[in-house]
Structures are given as C-alpha cells and as structure tokens.
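J.: Handing over upload.pdb, PDB, C-alpha atoms.
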ATOM      1  CA  MET A 625      14.851  -0.564  -5.641
ATOM      2  CA  ASP A 626      13.567   1.705  -2.895
ATOM      3  CA  ASN A 627      11.055   3.238  -5.314
ATOM      4  CA  TRP A 628       9.450  -0.115  -6.177
ATOM      5  CA  PHE A 629       5.818  -0.733  -5.236
ATOM      6  CA  LYS A 630       4.883  -3.201  -2.516
ATOM      7  CA  ILE A 631       1.992  -5.288  -3.844
ATOM      8  CA  GLY A 632       1.785  -8.084  -1.285
ATOM      9  CA  ILE A 633       3.105  -9.819   1.813
ATOM     10  CA  ILE A 634       3.578 -13.581   2.029
ATOM     11  CA  VAL A 635       1.625 -14.784   5.063
ATOM     12  CA  LYS A 636       2.048 -18.574   4.862
ATOM     13  CA  PRO A 637       2.434 -21.550   2.543
ATOM     14  CA  GLN A 638      -0.594 -23.134   0.884
ATOM     15  CA  GLY A 639      -0.439 -26.907   0.602
ATOM     16  CA  ILE A 640       2.695 -28.935  -0.038
ATOM     17  CA  ARG A 641       3.725 -27.840  -3.550
ATOM     18  CA  GLY A 642       5.243 -24.442  -2.732
ATOM     19  CA  GLU A 643       2.215 -22.262  -3.344
ATOM     20  CA  LEU A 644       2.176 -19.056  -1.259
ATOM     21  CA  ARG A 645      -0.685 -17.245   0.455
ATOM     22  CA  VAL A 646      -0.173 -13.549  -0.209
ATOM     23  CA  LEU A 647      -1.988 -10.671   1.472
ATOM     24  CA  PRO A 648      -2.425  -8.085  -1.297
ATOM     25  CA  THR A 649      -1.406  -4.523  -0.461
ATOM     26  CA  THR A 650      -2.711  -3.208  -3.757
ATOM     27  CA  ASP A 651      -6.203  -1.921  -4.527
ATOM     28  CA  ASP A 652      -6.511  -4.429  -7.360
ATOM     29  CA  PRO A 653      -5.591  -8.002  -6.364
ATOM     30  CA  ASN A 654      -6.304  -9.080  -9.969
ATOM     31  CA  ARG A 655      -3.012  -7.403 -10.909
ATOM     32  CA  PHE A 656      -1.205 -10.554  -9.681
ATOM     33  CA  GLY A 657      -2.548 -12.390 -12.727
ATOM     34  CA  LEU A 658      -0.742  -9.869 -14.970
ATOM     35  CA  LEU A 659       2.681 -10.387 -13.411
ATOM     36  CA  ASN A 660       5.623 -12.060 -15.107
ATOM     37  CA  GLU A 661       8.200 -11.357 -12.386
ATOM     38  CA  VAL A 662       8.347  -9.967  -8.864
ATOM     39  CA  LEU A 663      11.117  -8.932  -6.543
ATOM     40  CA  LEU A 664      10.911 -10.759  -3.219
ATOM     41  CA  ARG A 665      12.421  -8.901  -0.256
ATOM     42  CA  LEU A 666      12.825 -11.030   2.863
ATOM     43  CA  PRO A 667      12.709  -9.546   6.393
ATOM     44  CA  LYS A 668      16.503  -9.713   6.736
ATOM     45  CA  GLY A 669      16.925  -7.703   3.536
ATOM     46  CA  GLN A 670      17.793 -10.414   0.995
ATOM     47  CA  GLU A 671      16.238  -9.735  -2.405
ATOM     48  CA  THR A 672      15.605 -12.161  -5.256
ATOM     49  CA  MET A 673      13.735 -11.859  -8.561
ATOM     50  CA  TYR A 674      11.229 -14.643  -9.216
ATOM     51  CA  LYS A 675       9.163 -15.580 -12.240
ATOM     52  CA  VAL A 676       5.473 -15.807 -11.351
ATOM     53  CA  THR A 677       4.104 -19.074 -12.730
ATOM     54  CA  SER A 678       0.533 -18.650 -11.476
ATOM     55  CA  ALA A 679      -1.652 -16.439  -9.308
ATOM     56  CA  ARG A 680      -5.295 -16.738  -8.306
ATOM     57  CA  PRO A 681      -7.582 -15.121  -5.724
ATOM     58  CA  HIS A 682      -8.514 -17.184  -2.674
ATOM     59  CA  LYS A 683     -10.582 -16.042   0.349
ATOM     60  CA  GLY A 684      -9.325 -12.442   0.396
ATOM     61  CA  LEU A 685      -5.766 -13.510  -0.357
ATOM     62  CA  VAL A 686      -3.921 -14.386  -3.554
ATOM     63  CA  LEU A 687      -2.320 -17.796  -4.066
ATOM     64  CA  VAL A 688       0.955 -17.310  -5.921
ATOM     65  CA  CYS A 689       3.439 -19.807  -7.360
ATOM     66  CA  LEU A 690       7.013 -18.678  -7.921
ATOM     67  CA  GLU A 691       9.413 -20.546 -10.186
ATOM     68  CA  GLY A 692      11.863 -22.575  -8.136
ATOM     69  CA  ILE A 693       9.674 -22.767  -5.026
ATOM     70  CA  GLY A 694       8.416 -26.323  -5.341
ATOM     71  CA  ASP A 695       7.586 -27.522  -1.836
ATOM     72  CA  ARG A 696       6.261 -26.387   1.520
ATOM     73  CA  ASN A 697       9.735 -26.174   3.107
ATOM     74  CA  ALA A 698      10.932 -23.722   0.452
ATOM     75  CA  ALA A 699       7.692 -21.732   0.769
ATOM     76  CA  GLU A 700       7.977 -21.485   4.568
ATOM     77  CA  LYS A 701      11.344 -19.732   4.212
ATOM     78  CA  LEU A 702       9.597 -16.894   2.317
ATOM     79  CA  VAL A 703       6.946 -16.114   4.958
ATOM     80  CA  ARG A 704       6.830 -12.362   5.800
ATOM     81  CA  GLY A 705       8.579 -11.641   2.519
ATOM     82  CA  VAL A 706       7.341  -8.629   0.563
ATOM     83  CA  LEU A 707       6.534  -8.784  -3.153
ATOM     84  CA  LEU A 708       7.531  -5.695  -5.138
ATOM     85  CA  VAL A 709       7.212  -4.476  -8.720
ATOM     86  CA  PRO A 710       9.091  -1.661 -10.488
ATOM     87  CA  PRO A 711       7.378   1.708 -10.992
ATOM     88  CA  GLU A 712       6.883   1.078 -14.721
ATOM     89  CA  GLU A 713       4.664  -1.904 -13.818
ATOM     90  CA  ALA A 714       2.407   0.084 -11.497
ATOM     91  CA  LEU A 715      -1.212   0.042 -12.548
ATOM     92  CA  PRO A 716      -2.426   3.333 -14.043
ATOM     93  CA  LEU A 717      -4.360   5.628 -11.730
ATOM     94  CA  ASP A 718      -7.687   7.294 -12.401
ATOM     95  CA  LYS A 719      -8.139  11.045 -12.057
ATOM     96  CA  ASP A 720      -7.879  12.130  -8.405
ATOM     97  CA  GLU A 721      -6.192   8.861  -7.393
ATOM     98  CA  TYR A 722      -2.729   8.799  -5.848
ATOM     99  CA  PHE A 723      -0.228   6.235  -4.699
ATOM    100  CA  ILE A 724      -0.080   6.061  -0.908
ATOM    101  CA  ARG A 725       3.661   6.595  -0.988
ATOM    102  CA  ASP A 726       3.097   9.934  -2.783
ATOM    103  CA  LEU A 727       0.623  11.135  -0.138
ATOM    104  CA  VAL A 728       2.748  10.317   2.900
ATOM    105  CA  GLY A 729       4.709  13.427   3.791
ATOM    106  CA  LEU A 730       2.310  15.945   2.240
ATOM    107  CA  LYS A 731       1.636  19.090   4.269
ATOM    108  CA  VAL A 732      -2.061  19.362   5.137
ATOM    109  CA  GLU A 733      -3.592  22.852   5.168
ATOM    110  CA  THR A 734      -7.095  24.220   5.497
ATOM    111  CA  GLU A 735      -8.600  26.317   2.726
ATOM    112  CA  ASP A 736      -7.689  29.461   4.670
ATOM    113  CA  GLY A 737      -4.016  28.440   4.974
ATOM    114  CA  GLN A 738      -3.909  26.991   8.511
ATOM    115  CA  VAL A 739      -1.255  24.246   8.584
ATOM    116  CA  LEU A 740      -2.664  21.148  10.297
ATOM    117  CA  GLY A 741       0.340  18.833   9.970
ATOM    118  CA  ILE A 742       1.913  16.189   7.768
ATOM    119  CA  ILE A 743       0.318  12.998   6.432
ATOM    120  CA  GLU A 744       2.044  10.231   8.358
ATOM    121  CA  ASP A 745       0.146   7.184   7.118
ATOM    122  CA  VAL A 746      -2.841   6.079   5.058
ATOM    123  CA  PHE A 747      -5.259   3.341   6.116
ATOM    124  CA  PRO A 748      -7.678   1.730   3.690
ATOM    125  CA  THR A 749     -11.035   1.094   5.377
ATOM    126  CA  GLY A 750     -13.056  -0.329   2.516
ATOM    127  CA  ALA A 751     -15.400   2.627   2.088
ATOM    128  CA  ASN A 752     -12.640   5.239   1.875
ATOM    129  CA  ASP A 753      -9.049   5.716   2.984
ATOM    130  CA  VAL A 754      -8.224   7.560   6.197
ATOM    131  CA  TYR A 755      -5.203   9.856   6.449
ATOM    132  CA  ILE A 756      -3.287   9.980   9.733
ATOM    133  CA  VAL A 757      -1.978  13.524  10.164
ATOM    134  CA  ARG A 758       0.568  14.548  12.823
ATOM    135  CA  ASP A 759       0.860  18.183  13.880
ATOM    136  CA  ASP A 760       3.933  20.091  15.144
ATOM    137  CA  GLU A 761       3.103  19.158  18.742
ATOM    138  CA  GLY A 762       3.137  15.445  17.954
ATOM    139  CA  LYS A 763      -0.633  14.993  18.169
ATOM    140  CA  SER A 764      -2.274  12.854  15.516
ATOM    141  CA  PHE A 765      -5.749  13.000  14.055
ATOM    142  CA  MET A 766      -7.605  11.263  11.275
ATOM    143  CA  LEU A 767      -8.960  12.771   8.080
ATOM    144  CA  PRO A 768     -11.323  10.790   5.867
ATOM    145  CA  ALA A 769     -10.309  10.738   2.217
ATOM    146  CA  ILE A 770     -13.664  11.993   0.945
ATOM    147  CA  LYS A 771     -14.532  14.797  -1.467
ATOM    148  CA  ASP A 772     -16.251  16.826   1.277
ATOM    149  CA  VAL A 773     -12.905  17.011   3.145
ATOM    150  CA  VAL A 774     -10.123  16.811   0.530
ATOM    151  CA  GLN A 775     -10.396  19.850  -1.713
ATOM    152  CA  ALA A 776      -7.095  19.700  -3.623
ATOM    153  CA  VAL A 777      -3.873  17.702  -3.787
ATOM    154  CA  SER A 778      -0.670  19.050  -5.309
ATOM    155  CA  LEU A 779       2.156  16.556  -5.360
ATOM    156  CA  GLU A 780       4.360  19.191  -6.993
ATOM    157  CA  ALA A 781       3.782  21.662  -4.134
ATOM    158  CA  GLY A 782       3.715  18.894  -1.519
ATOM    159  CA  THR A 783       0.338  19.971  -0.133
ATOM    160  CA  MET A 784      -3.190  18.771   0.469
ATOM    161  CA  ILE A 785      -5.891  21.381   0.978
ATOM    162  CA  VAL A 786      -8.785  20.273   3.197
ATOM    163  CA  ARG A 787     -12.132  21.554   4.442
ATOM    164  CA  LEU A 788     -12.705  20.582   8.060
ATOM    165  CA  ILE A 789     -15.999  19.058   9.112
ATOM    166  CA  ASP A 790     -17.296  19.991  12.589
ATOM    167  CA  GLY A 791     -15.695  17.841  15.291
ATOM    168  CA  LEU A 792     -13.107  16.306  12.974
ATOM    169  CA  LEU A 793     -10.037  17.538  14.856
ATOM    170  CA  GLU A 794     -11.351  16.147  18.155
ATOM    171  CA  LEU A 795     -10.898  12.592  16.814
ATOM    172  CA  THR A 796      -7.281  12.039  17.817
ATOM    173  CA  VAL A 797      -5.321   8.841  17.433
TER
END
Taking this structure as input, can you express it in the form of structure tokens?

T.:
Amino acid sequence: MDNWFKIGIIVKPQGIRGELRVLPTTDDPNRFGLLNEVLLRLPKGQETMYKVTSARPHKGLVLVCLEGIGDRNAAEKLVRGVLLVPPEEALPLDKDEYFIRDLVGLKVETEDGQVLGIIEDVFPTGANDVYIVRDDEGKSFMLPAIKDVVQAVSLEAGTMIVRLIDGLLELTV
C-alpha cells in the first residue's frame, strides 16, 4: 500500500456525531464526493479500510463521515490520520500534469545538459507549484513550475529539462 495516493489528513473532529475535518492534499477536493472507501493510516502505522458515507466541502476543508465512526470520541482518535486511495482510483491527469510523487527524485538539467540537482519536494502555491531542488553540495533552490522554466519532463528517463531565468539560482532555501 506504499503506492497509494494520499488525498487528505484528518485535522480534527467536527461536531459530536463523528464527522471529520479533513485537509485535502489533492488538487480536486470534489473527489471526496466520488469515494466509496478509503484507507486510513494512523500516525503509529495502523491501517483500516472505511466506507465513506458522506463528504462535503467546508471552509477550505472537507467534512467526511466514515462508517463506524459515530461520535466525537471515536473521531478524535483518528486525528492526524492520513486518507489514502489505490492508484486505480487516482483522478486522471491532463496533458503535462504529473503526480507529485512521480516528480520527486527527478534529475533536473538545463537545456545545455548542466545537472542542477534532484527534485526533493513540491509545494503548491495556488498560482503554480514550486519545485525544491537539491544539488550535489546539499544546497537547495526553488524552481517555479511554469512553462517558461520547465521545458520537458521524462518520467521514463527520470529527468526534467529546464530553462533558467536570470537570478533564479540565487533564490536558495
């Protein structure tokens, strides 16, 4: 189940009937309304499948009800739990879209073949994602995920080809 997709993190209970406030970690929070089941992984590693009985957006979060979680006490035990779905339930991607987990670890090179480092993390910012790249010396810098910078991505080759904008490498993390 290591290849399952994380779609949300339980942040706290909502009310007294076992409803959960979930911070979505997916680009499309509406996907919660399509779910039948989720795998819940608790911080200590316990995993349980739950039937999703309802899900609705609420103030930037998603309120989710899981079968068998009927009161606040039961809901509180699930706080910091991660909701996961299997790869076959991942939402389809558009052209030039990638799952974050597929980008992490890619080698980043300039158009002329200069190796800049490896993508270490991806941060969504609202306007565009930002890639955190670490070089061989352990220094990190940020690359915006925009068409002017990202020229090509090859998951098969494990590379991302970029065009550097003036001053971009001076922005270190």

J.: Which is closest to Val777 of chain A among A:Ala714, A:Leu730, A:Ala751, A:Ile743, if we use only C-alpha atoms?

T.: A:Leu730

J.: Hey, what comes out of the PyMOL selection byres ((chain A and resi 651) around 10) on this file? Could you write it as a list in words?

T.: Ile631, Pro648, Thr649, Thr650, Asp652, Pro653, Asn654, Arg655, Leu715, Pro748 and Gly750 of chain A

J.: I'd like the interatomic distance between atom CA of Phe656 of chain A and atom CA of Arg680 of chain A, to a tenth of an Å.

T.: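 Interatomic distance here is 7.5 Å.
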
J.: For the provided coordinates, the residues matched by the PyMOL selection byres ((chain A and resi 779) around 12) should be stated as number ranges by chain.

T.: A: 720-732, 776-778, 780-785

J.: Step by step, work through what the PyMOL selection byres ((chain A and resi 708) around 9) selects in the shown file, and finish by giving those residues as JSON, numbers by chain.

T.: {"A": [625, 628, 629, 630, 631, 632, 662, 663, 664, 665, 706, 707, 709, 710]}

J.: What separation in Å, quoted to one decimal, exists between atom CA of Leu666 of chain A and atom CA of Gly639 of chain A?

T.: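 Interatomic distance here is 20.8 Å.
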
J.: Provide the atom CA of Glu691 of chain A to atom CA of Asn627 of chain A distance in Å, to one decimal place.

T.: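 Between atom CA of Glu691 of chain A and atom CA of Asn627 of chain A the gap works out to 24.3 Å.
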
J.: Using all atoms listed in the file, which protein or nucleic acid residues come within 7 Å of Arg758 of chain A? Drop anything in the same chain fewer than 6 positions from it, and give the result as a list in words.

T.: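 Contacts, in chain order: Gly741, Ile742, Ile743, Glu744, Ser764 and Phe765 of chain A.
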
J.: Can I get the selection written as a PDB file, keeping the file's coordinate frame, with C-alpha atoms?

T.:
ATOM      1  CA  GLY A 741       0.340  18.833   9.970  1.00  0.00           C
ATOM      2  CA  ILE A 742       1.913  16.189   7.768  1.00  0.00           C
ATOM      3  CA  ILE A 743       0.318  12.998   6.432  1.00  0.00           C
ATOM      4  CA  GLU A 744       2.044  10.231   8.358  1.00  0.00           C
ATOM      5  CA  SER A 764      -2.274  12.854  15.516  1.00  0.00           C
ATOM      6  CA  PHE A 765      -5.749  13.000  14.055  1.00  0.00           C
TER       7      PHE A 765
END

J.: Kindly provide, as a list of chain:residue names, the polymer residues lying within 12 Å of (0.5, -30.1, -1.2), counting only C-alpha atoms and using the coordinates exactly as they appear in the file.

T.: A:Pro637, A:Gln638, A:Gly639, A:Ile640, A:Arg641, A:Gly642, A:Glu643, A:Leu644, A:Gly694, A:Asp695, A:Arg696, A:Asn697, A:Ala699

J.: Keeping C-alpha atoms, export the residues of the selection given above as an mmCIF file, in the frame of the given file.

T.:
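The result, written out as again_21.cif:
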data_model
loop_
_atom_site.group_PDB
_atom_site.id
_atom_site.type_symbol
_atom_site.label_atom_id
_atom_site.label_comp_id
_atom_site.auth_asym_id
_atom_site.auth_seq_id
_atom_site.Cartn_x
_atom_site.Cartn_y
_atom_site.Cartn_z
ATOM 1 C CA PRO A 637 2.434 -21.550 2.543
ATOM 2 C CA GLN A 638 -0.594 -23.134 0.884
ATOM 3 C CA GLY A 639 -0.439 -26.907 0.602
ATOM 4 C CA ILE A 640 2.695 -28.935 -0.038
ATOM 5 C CA ARG A 641 3.725 -27.840 -3.550
ATOM 6 C CA GLY A 642 5.243 -24.442 -2.732
ATOM 7 C CA GLU A 643 2.215 -22.262 -3.344
ATOM 8 C CA LEU A 644 2.176 -19.056 -1.259
ATOM 9 C CA GLY A 694 8.416 -26.323 -5.341
ATOM 10 C CA ASP A 695 7.586 -27.522 -1.836
ATOM 11 C CA ARG A 696 6.261 -26.387 1.520
ATOM 12 C CA ASN A 697 9.735 -26.174 3.107
ATOM 13 C CA ALA A 699 7.692 -21.732 0.769
#

J.: Around (5.2, -19.7, -7.2), as given in the file, which residues come within 6 Å? Count all atoms listed in the file and list them as a VMD selection string.

T.: chain A and resid 643 676 to 677 688 to 691 693

J.: I want to know what sits within 9 Å of Asn752 of chain A, based on all atoms listed in the file, with residues of the same chain fewer than 4 positions away left out; could you give that as a list in words?

T.: Phe747, Pro748, Pro768, Ala769 and Ile770 of chain A

J.: Determine the nearest neighbour of Ile756 of chain A from the options A:Ala679, A:Asp772, A:Leu740, A:Arg645, counting all atoms listed in the file.

T.: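 Checking each candidate against Ile756 of chain A, we get A:Leu740 as the closest.
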
J.: How big is the axis-aligned box, and where does its centre sit, when it encloses all atoms of segment 726-732 of chain A listed in the file and has 4 Å added on every side, reported in Å to one decimal as JSON?

T.:
{"center_x": 1.3, "center_y": 14.6, "center_z": 1.2, "size_x": 14.8, "size_y": 17.4, "size_z": 15.9}

J.: Could you add the missing atoms to segment 728-760 of chain A, up to N, CA and C atoms, and return them as a compact mmCIF listing (two decimals), keeping the file's coordinate frame?

T.:
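Now in rebuild.txt:
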# COMPACT_ATOMS: atom_id res chain seq x y z
N VAL A 728 2.03 10.25 1.62
CA VAL A 728 2.75 10.32 2.90
C VAL A 728 3.81 11.40 2.80
N GLY A 729 3.77 12.31 3.77
CA GLY A 729 4.71 13.43 3.79
C GLY A 729 4.13 14.73 3.29
N LEU A 730 2.93 14.70 2.69
CA LEU A 730 2.31 15.94 2.24
C LEU A 730 1.92 16.81 3.43
N LYS A 731 2.08 18.12 3.26
CA LYS A 731 1.64 19.09 4.27
C LYS A 731 0.13 19.29 4.09
N VAL A 732 -0.62 19.21 5.18
CA VAL A 732 -2.06 19.36 5.14
C VAL A 732 -2.42 20.75 5.65
N GLU A 733 -3.17 21.49 4.82
CA GLU A 733 -3.59 22.85 5.17
C GLU A 733 -5.09 22.99 4.96
N THR A 734 -5.69 23.90 5.73
CA THR A 734 -7.10 24.22 5.50
C THR A 734 -7.18 25.18 4.32
N GLU A 735 -8.39 25.41 3.86
CA GLU A 735 -8.60 26.32 2.73
C GLU A 735 -8.13 27.74 3.03
N ASP A 736 -8.13 28.11 4.32
CA ASP A 736 -7.69 29.46 4.67
C ASP A 736 -6.20 29.52 5.05
N GLY A 737 -5.46 28.42 4.80
CA GLY A 737 -4.02 28.44 4.97
C GLY A 737 -3.49 27.96 6.31
N GLN A 738 -4.36 27.51 7.21
CA GLN A 738 -3.91 26.99 8.51
C GLN A 738 -3.24 25.63 8.30
N VAL A 739 -1.98 25.51 8.72
CA VAL A 739 -1.25 24.25 8.58
C VAL A 739 -1.69 23.31 9.70
N LEU A 740 -2.18 22.12 9.33
CA LEU A 740 -2.66 21.15 10.30
C LEU A 740 -1.61 20.11 10.65
N GLY A 741 -0.69 19.83 9.72
CA GLY A 741 0.34 18.83 9.97
C GLY A 741 0.77 18.14 8.69
N ILE A 742 1.35 16.97 8.87
CA ILE A 742 1.91 16.19 7.77
C ILE A 742 1.22 14.82 7.75
N ILE A 743 0.90 14.34 6.55
CA ILE A 743 0.32 13.00 6.43
C ILE A 743 1.41 11.99 6.81
N GLU A 744 1.10 11.20 7.83
CA GLU A 744 2.04 10.23 8.36
C GLU A 744 1.78 8.82 7.83
N ASP A 745 0.50 8.52 7.57
CA ASP A 745 0.15 7.18 7.12
C ASP A 745 -1.22 7.24 6.46
N VAL A 746 -1.54 6.20 5.72
CA VAL A 746 -2.84 6.08 5.06
C VAL A 746 -3.38 4.69 5.34
N PHE A 747 -4.63 4.62 5.83
CA PHE A 747 -5.26 3.34 6.12
C PHE A 747 -6.45 3.14 5.21
N PRO A 748 -6.47 2.04 4.46
CA PRO A 748 -7.68 1.73 3.69
C PRO A 748 -8.74 1.17 4.64
N THR A 749 -9.98 1.58 4.49
CA THR A 749 -11.04 1.09 5.38
C THR A 749 -12.12 0.35 4.62
N GLY A 750 -12.02 0.30 3.32
CA GLY A 750 -13.06 -0.33 2.52
C GLY A 750 -13.90 0.74 1.85
N ALA A 751 -14.57 1.56 2.65
CA ALA A 751 -15.40 2.63 2.09
C ALA A 751 -14.53 3.75 1.53
N ASN A 752 -13.56 4.19 2.30
CA ASN A 752 -12.64 5.24 1.88
C ASN A 752 -11.37 5.12 2.71
N ASP A 753 -10.28 5.70 2.21
CA ASP A 753 -9.05 5.72 2.98
C ASP A 753 -9.18 6.74 4.11
N VAL A 754 -8.31 6.60 5.10
CA VAL A 754 -8.22 7.56 6.20
C VAL A 754 -6.77 8.00 6.29
N TYR A 755 -6.55 9.31 6.33
CA TYR A 755 -5.20 9.86 6.45
C TYR A 755 -4.91 10.12 7.92
N ILE A 756 -3.75 9.68 8.39
CA ILE A 756 -3.29 9.98 9.73
C ILE A 756 -2.35 11.18 9.60
N VAL A 757 -2.73 12.27 10.26
CA VAL A 757 -1.98 13.52 10.16
C VAL A 757 -1.39 13.85 11.54
N ARG A 758 -0.10 14.18 11.57
CA ARG A 758 0.57 14.55 12.82
C ARG A 758 0.92 16.03 12.76
N ASP A 759 0.56 16.75 13.84
CA ASP A 759 0.86 18.18 13.88
C ASP A 759 2.23 18.43 14.50
N ASP A 760 2.62 19.72 14.62
CA ASP A 760 3.93 20.09 15.14
C ASP A 760 4.12 19.69 16.60
